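Structure record follows, encoded as structure tokens.
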Amino acid sequence: MDLLEIMQKRRSVRNYTGEKVTEENLLKILQAGLLSASGRAIRPWEFIVVRSRETLKAMAECRVAGSRMLDGADCAIVVLGDESKTDVWVEDCSIAMANMHLMADSLGVGSCWIQGRLREAPGNRTTEEYLRERLKFPENYRLEAILSLGMPENHAAAHELKDLATDKVHQEVF
């Protein structure tokens with residue numbers, strides 16, 4: 001399968017079977033993140049792998065909405081960026097997230113990007129503050145997102161190339 005086919009097939013998966021993600025597949029997903037491009041090769045990211053059921057259950061409450069799938073996930077990867085290293089940490093961490101998301105799907109592992117940056121948690125605090133308290137990451141590290149991982153209960157059909165919004169592509173000028 002070529003990369004475009006992998007991209008067509010990639011879909012967000014929010015419901016999982018409970019089956020474990022193998023250590024081999026988790027390692028490949030992490031390697032895809034670590035191989036990501038970054039501005040000036042600074043690689044400002046750090047990844048926290050969470051497998052604890054108790055922690056995943058608590059993380060499912062990290063946003064007002066949109067994080068419940070963590071309760072059923074086998075594991076999650078929290079992506080942080082060191083803002084003291086570069087002003088493009090958001091972009092660099094997003095590339096790492098995208099690579100891991102694609103790798104997961106290519107391995108048959110379901111995944112969902114859970115935005116953390118600029119999101120609110122219950123109790124008048126940010127998602128970042130909520131997770132920093134639980135995961136103990138330093139103040140100079142900023143939360144980008146969480147990648148939930150699990151074996152998919154179901155997987156939506158691949159995107160069709162004929163359905164792409166090609167009107168969004170402009171030649172030479174807008």
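We label chains A, B, ... in the order they appear in the structure tokens, count residues from 1 in each chain, and number ligands from 1 in the order shown.
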Quick one: which stretch 87-137 of chain A residues come within 12 Å of stretch 14-34 of chain A, and what is the nearest atom pair for each with the distance in Å to one decimal, counting only C-alpha atoms, rows ordered by chain and ascending number, as CSV?
residue,atom,partner,partner_atom,distance
A:Asp92,CA,A:Gly33,CA,10.1
A:Cys93,CA,A:Gly33,CA,8.7
A:Ser94,CA,A:Gly33,CA,9.7
A:Ile95,CA,A:Gly33,CA,7.9
A:Ala96,CA,A:Gly33,CA,4.4
A:Met97,CA,A:Gly33,CA,6.6
A:Ala98,CA,A:Gly33,CA,8.1
A:Asn99,CA,A:Ala32,CA,5.7
A:Met100,CA,A:Ile29,CA,5.1
A:His101,CA,A:Ile29,CA,7.8
A:Leu102,CA,A:Ile29,CA,8.6
A:Met103,CA,A:Ile29,CA,5.6
A:Ala104,CA,A:Ile29,CA,5.9
A:Asp105,CA,A:Ile29,CA,9.5
A:Ser106,CA,A:Ile29,CA,9.7
A:Leu107,CA,A:Asn25,CA,6.9
A:Gly108,CA,A:Asn25,CA,9.2
A:Val109,CA,A:Val21,CA,7.1
A:Gly110,CA,A:Tyr16,CA,7.4
A:Ser111,CA,A:Arg14,CA,7.1
A:Cys112,CA,A:Arg14,CA,6.3
A:Trp113,CA,A:Arg14,CA,9.6
A:Ile114,CA,A:Arg14,CA,10.2
Expected answer as a ChimeraX atom specification: helix (DSSP H, G or I) residues in stretch 89-136 of chain A: /A:89-106,127-135
Could you write out that same residue set with N, CA and C atoms as a PDB file, in the first residue's frame?
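Okay, this is what ended up in again_28.pdb:
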ATOM      1  N   TRP A  89       6.946  25.051  18.010  1.00  0.00           N
ATOM      2  CA  TRP A  89       6.701  23.773  18.685  1.00  0.00           C
ATOM      3  C   TRP A  89       5.322  23.215  18.345  1.00  0.00           C
ATOM      4  N   VAL A  90       4.322  24.083  18.155  1.00  0.00           N
ATOM      5  CA  VAL A  90       2.967  23.616  17.828  1.00  0.00           C
ATOM      6  C   VAL A  90       2.986  22.879  16.489  1.00  0.00           C
ATOM      7  N   GLU A  91       3.608  23.476  15.495  1.00  0.00           N
ATOM      8  CA  GLU A  91       3.680  22.863  14.176  1.00  0.00           C
ATOM      9  C   GLU A  91       4.475  21.563  14.237  1.00  0.00           C
ATOM     10  N   ASP A  92       5.611  21.600  14.921  1.00  0.00           N
ATOM     11  CA  ASP A  92       6.451  20.401  15.017  1.00  0.00           C
ATOM     12  C   ASP A  92       5.715  19.264  15.718  1.00  0.00           C
ATOM     13  N   CYS A  93       5.026  19.558  16.793  1.00  0.00           N
ATOM     14  CA  CYS A  93       4.275  18.523  17.513  1.00  0.00           C
ATOM     15  C   CYS A  93       3.094  18.017  16.684  1.00  0.00           C
ATOM     16  N   SER A  94       2.502  18.897  15.895  1.00  0.00           N
ATOM     17  CA  SER A  94       1.400  18.488  15.023  1.00  0.00           C
ATOM     18  C   SER A  94       1.875  17.513  13.956  1.00  0.00           C
ATOM     19  N   ILE A  95       3.060  17.731  13.430  1.00  0.00           N
ATOM     20  CA  ILE A  95       3.620  16.804  12.445  1.00  0.00           C
ATOM     21  C   ILE A  95       3.843  15.438  13.094  1.00  0.00           C
ATOM     22  N   ALA A  96       4.372  15.422  14.301  1.00  0.00           N
ATOM     23  CA  ALA A  96       4.588  14.160  15.013  1.00  0.00           C
ATOM     24  C   ALA A  96       3.256  13.449  15.257  1.00  0.00           C
ATOM     25  N   MET A  97       2.235  14.204  15.670  1.00  0.00           N
ATOM     26  CA  MET A  97       0.910  13.622  15.880  1.00  0.00           C
ATOM     27  C   MET A  97       0.389  13.003  14.582  1.00  0.00           C
ATOM     28  N   ALA A  98       0.495  13.740  13.480  1.00  0.00           N
ATOM     29  CA  ALA A  98      -0.013  13.245  12.198  1.00  0.00           C
ATOM     30  C   ALA A  98       0.711  11.966  11.783  1.00  0.00           C
ATOM     31  N   ASN A  99       2.021  11.942  11.951  1.00  0.00           N
ATOM     32  CA  ASN A  99       2.778  10.738  11.586  1.00  0.00           C
ATOM     33  C   ASN A  99       2.341   9.538  12.420  1.00  0.00           C
ATOM     34  N   MET A 100       2.136   9.741  13.721  1.00  0.00           N
ATOM     35  CA  MET A 100       1.725   8.632  14.582  1.00  0.00           C
ATOM     36  C   MET A 100       0.308   8.181  14.246  1.00  0.00           C
ATOM     37  N   HIS A 101      -0.556   9.128  13.930  1.00  0.00           N
ATOM     38  CA  HIS A 101      -1.939   8.832  13.545  1.00  0.00           C
ATOM     39  C   HIS A 101      -1.958   7.961  12.282  1.00  0.00           C
ATOM     40  N   LEU A 102      -1.158   8.333  11.284  1.00  0.00           N
ATOM     41  CA  LEU A 102      -1.068   7.558  10.048  1.00  0.00           C
ATOM     42  C   LEU A 102      -0.463   6.179  10.290  1.00  0.00           C
ATOM     43  N   MET A 103       0.591   6.124  11.085  1.00  0.00           N
ATOM     44  CA  MET A 103       1.238   4.837  11.362  1.00  0.00           C
ATOM     45  C   MET A 103       0.277   3.902  12.073  1.00  0.00           C
ATOM     46  N   ALA A 104      -0.451   4.424  13.052  1.00  0.00           N
ATOM     47  CA  ALA A 104      -1.400   3.585  13.781  1.00  0.00           C
ATOM     48  C   ALA A 104      -2.385   2.952  12.808  1.00  0.00           C
ATOM     49  N   ASP A 105      -2.985   3.758  11.961  1.00  0.00           N
ATOM     50  CA  ASP A 105      -3.982   3.229  11.036  1.00  0.00           C
ATOM     51  C   ASP A 105      -3.366   2.217  10.078  1.00  0.00           C
ATOM     52  N   SER A 106      -2.151   2.474   9.628  1.00  0.00           N
ATOM     53  CA  SER A 106      -1.497   1.549   8.691  1.00  0.00           C
ATOM     54  C   SER A 106      -1.238   0.190   9.333  1.00  0.00           C
ATOM     55  N   THR A 127      -7.166  22.117  29.901  1.00  0.00           N
ATOM     56  CA  THR A 127      -6.809  20.707  29.732  1.00  0.00           C
ATOM     57  C   THR A 127      -5.345  20.501  30.088  1.00  0.00           C
ATOM     58  N   GLU A 128      -4.504  21.457  29.701  1.00  0.00           N
ATOM     59  CA  GLU A 128      -3.078  21.361  30.025  1.00  0.00           C
ATOM     60  C   GLU A 128      -2.852  21.324  31.532  1.00  0.00           C
ATOM     61  N   GLU A 129      -3.507  22.194  32.272  1.00  0.00           N
ATOM     62  CA  GLU A 129      -3.364  22.204  33.734  1.00  0.00           C
ATOM     63  C   GLU A 129      -3.852  20.887  34.337  1.00  0.00           C
ATOM     64  N   TYR A 130      -4.969  20.398  33.841  1.00  0.00           N
ATOM     65  CA  TYR A 130      -5.541  19.137  34.319  1.00  0.00           C
ATOM     66  C   TYR A 130      -4.543  17.991  34.135  1.00  0.00           C
ATOM     67  N   LEU A 131      -3.953  17.910  32.931  1.00  0.00           N
ATOM     68  CA  LEU A 131      -3.021  16.816  32.646  1.00  0.00           C
ATOM     69  C   LEU A 131      -1.666  17.015  33.313  1.00  0.00           C
ATOM     70  N   ARG A 132      -1.215  18.261  33.435  1.00  0.00           N
ATOM     71  CA  ARG A 132       0.069  18.501  34.107  1.00  0.00           C
ATOM     72  C   ARG A 132       0.014  17.993  35.554  1.00  0.00           C
ATOM     73  N   GLU A 133      -1.098  18.222  36.209  1.00  0.00           N
ATOM     74  CA  GLU A 133      -1.273  17.760  37.596  1.00  0.00           C
ATOM     75  C   GLU A 133      -1.159  16.233  37.680  1.00  0.00           C
ATOM     76  N   ARG A 134      -1.717  15.521  36.697  1.00  0.00           N
ATOM     77  CA  ARG A 134      -1.723  14.060  36.731  1.00  0.00           C
ATOM     78  C   ARG A 134      -0.442  13.434  36.184  1.00  0.00           C
ATOM     79  N   LEU A 135       0.128  14.044  35.161  1.00  0.00           N
ATOM     80  CA  LEU A 135       1.267  13.438  34.470  1.00  0.00           C
ATOM     81  C   LEU A 135       2.611  14.053  34.850  1.00  0.00           C
TER      82      LEU A 135
END
Proximity to A:Glu54 - best of A:Asp2, A:Ser38, A:Ser67, A:Cys75, only C-alpha atoms: A:Cys75
Test item, strand (DSSP E) assignment across stretch 14-83 of chain A, answer as a ChimeraX atom specification: /A:45-50,75-82
Write out, as an mmCIF file, in the first residue's frame, the residues just selected, with C-alpha atoms.
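After the write, again-v8.cif holds the following:
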data_model
loop_
_atom_site.group_PDB
_atom_site.id
_atom_site.type_symbol
_atom_site.label_atom_id
_atom_site.label_comp_id
_atom_site.auth_asym_id
_atom_site.auth_seq_id
_atom_site.Cartn_x
_atom_site.Cartn_y
_atom_site.Cartn_z
ATOM 1 C CA TRP A 45 8.530 17.133 21.475
ATOM 2 C CA GLU A 46 8.319 14.728 24.368
ATOM 3 C CA PHE A 47 5.873 11.812 24.452
ATOM 4 C CA ILE A 48 4.221 10.341 27.530
ATOM 5 C CA VAL A 49 2.850 6.835 26.955
ATOM 6 C CA VAL A 50 -0.056 6.047 29.256
ATOM 7 C CA CYS A 75 -3.251 3.347 25.707
ATOM 8 C CA ALA A 76 -2.564 6.946 24.788
ATOM 9 C CA ILE A 77 0.373 9.079 23.747
ATOM 10 C CA VAL A 78 0.448 12.584 25.195
ATOM 11 C CA VAL A 79 2.423 14.943 22.948
ATOM 12 C CA LEU A 80 4.166 17.868 24.629
ATOM 13 C CA GLY A 81 6.342 20.608 23.176
ATOM 14 C CA ASP A 82 9.174 22.497 24.815
#
Å distance separating atom CA of A:Glu172 from atom CA of A:Ile6, one decimal place: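 For atom CA of A:Glu172 relative to atom CA of A:Ile6, the distance reads 29.0 Å.
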Selection near stretch 68-70 of chain A, 10 Å with only C-alpha atoms, sequence-local residues under 2 positions removed, as a PyMOL selection string: chain A and resi 13-16+53+55-66+72-76+111-112+114+146-150
Which of A:Leu161, A:Ala145, A:Val173, A:Ala41 sits closest to A:Lys9 [using only C-alpha atoms]: A:Leu161
Residue with smallest distance to A:Ala37 - pool A:Arg51, A:Val88, A:Lys136, A:Met151, counting only C-alpha atoms: A:Val88
Spatial neighbours of A:Ala158, 8 Å, only C-alpha atoms, chain gap at least 3 places, as a PyMOL selection string: chain A and resi 8-11
Prev. selection, N, CA and C atoms, output as a compact mmCIF listing (two decimals), in the first residue's frame:
# COMPACT_ATOMS: atom_id res chain seq x y z
N GLN A 8 -5.76 7.80 2.51
CA GLN A 8 -7.17 7.63 2.19
C GLN A 8 -7.87 6.79 3.26
N LYS A 9 -7.20 5.77 3.73
CA LYS A 9 -7.78 4.81 4.67
C LYS A 9 -7.86 5.37 6.10
N ARG A 10 -6.97 6.30 6.45
CA ARG A 10 -6.90 6.79 7.82
C ARG A 10 -8.19 7.48 8.25
N ARG A 11 -8.75 6.99 9.32
CA ARG A 11 -9.96 7.58 9.89
C ARG A 11 -9.80 7.63 11.40
Point-to-point distance in Å for atom CA of A:Met7 and atom CA of A:His155: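 Distance between the two atoms: 13.8 Å.
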